[in-house]
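Q: Have a look at this one.
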Number of protein chains: 2
Amino acid sequence: MEMNPIGTIHTPYTSREGMPIQPAGGAGIRGTIEVFEEYRAGLKDLEGFSHIILLFVFHRSEGFQLEVVPFMDTELRGLFATRAPRRPNPIGLSVVQLDRIEKGILQIRNVDMLDGTPLLDIKPYVPEFDSQPKIRTGWLEQARGSVDRRRSDGRFISKRKSK
Amino acid sequence: MEMNPIGTIHTPYTSREGMPIQPAGGAGIRGTIEVFEEYRAGLKDLEGFSHIILLFVFHRSEGFQLEVVPFMDTELRGLFATRAPRRPNPIGLSVVQLDRIEKGILQIRNVDMLDGTPLLDIKPYVPEFDSQPKIRTGWLEQARGSVDRRRSDGRFISKRKSK
């Protein structure tokens, strides 16, 4: 199936190395989203939400491997048990803070994606839908508390065609 | 960009009317995910996670309107401030409970999607990445507690071509 961007995400990150690996690592870092003119009417009422879910394309990722060593680990893990960017369908998901919307431009905070990232969808973040109180997190159980201090490196940059 | 399913979600829901509208409404309802053979190696380590994020296609949805009356409201709202299925990129997102994985079949619980839904991605649910403690939820502020009792109706079924 064919997906088409509805906007572009602008952030301070122009390189895939040294980036935060999740919004927690980009705490406070500001970005903007430019929603294309033809979709702006769909932004009505969104400003009431403090947090939004962004679905976007890992546009600099290419191909995938089914086992990867994630940024937060030193062992090979199954790809679907990680948030690594090189995936069969390279869709990223981040919950960011929404500060303001003006003329189709969203001011957001806690960004963890590359500048120029194509946006596929915006959904309101609703704890009753999206948050789970009782959970287990497998291999991430020990490490997940340190996500705010981890940074990306070059490990998911394809050697064949590094952009 | 082109997206291709990595598997199929099976649930008890064969009609778009009377379904739960979020996983909270499908609490306890079991489903299965069949991940296609060629992607199964990527499921390693996933069983350690009690909850997973599914990205899937609203495959019975067609077209979109930028303002809709959501299932949980009686007023027109901007599409991106809702979780309505008819979207420019009809990608659904649900956090479900993972019970077991055997031979590429995932046993899941709290399903809210149609039987036969094409799966695009599986990500581990990690509260430090995906959960936000201090939030505002706009128009949903009053209603969100009742999501477990709401059911879908026919409002997002296209009249032009109802499947």
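We name chains A, B, ... following the order of the structure tokens; residues begin at 1 in each chain, and ligands are numbered from 1 as shown.
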Please determine the contact residues of chain A with respect to chain B at a cut-off of 8 Å, counting only C-alpha atoms, and supply them as a PyMOL selection string.
A: chain A and resi 1-4+6+22-24+39+41-51+66-67+77-83+88-89+91+94-95+120-132+135-139+144-145+147
Q: For B:Ile9, work out the shell of residues within 12 Å, counting only C-alpha atoms and skipping chain neighbours fewer than 4 positions away, then give it as number ranges by chain.
A: B: 5, 13-14, 30-36, 54-59, 94, 96, 105-109, 111-122
Q: What's the separation between atom CA of B:Gly104 and atom CA of B:Glu37, in Å to one decimal place?
A: 7.1 Å
Q: Between atom CA of B:Ala27 and atom CA of B:Asn110, what is the distance in Å, rounded to a tenth?
A: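 Between these atoms lies a distance of 4.3 Å.
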Q: Could you work out how far atom CA of A:Gly63 lies from atom CA of A:Ile157, giving the answer in Å with one decimal?
A: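 We find that atom CA of A:Ile157 and atom CA of A:Gly63 lie 10.0 Å from each other.
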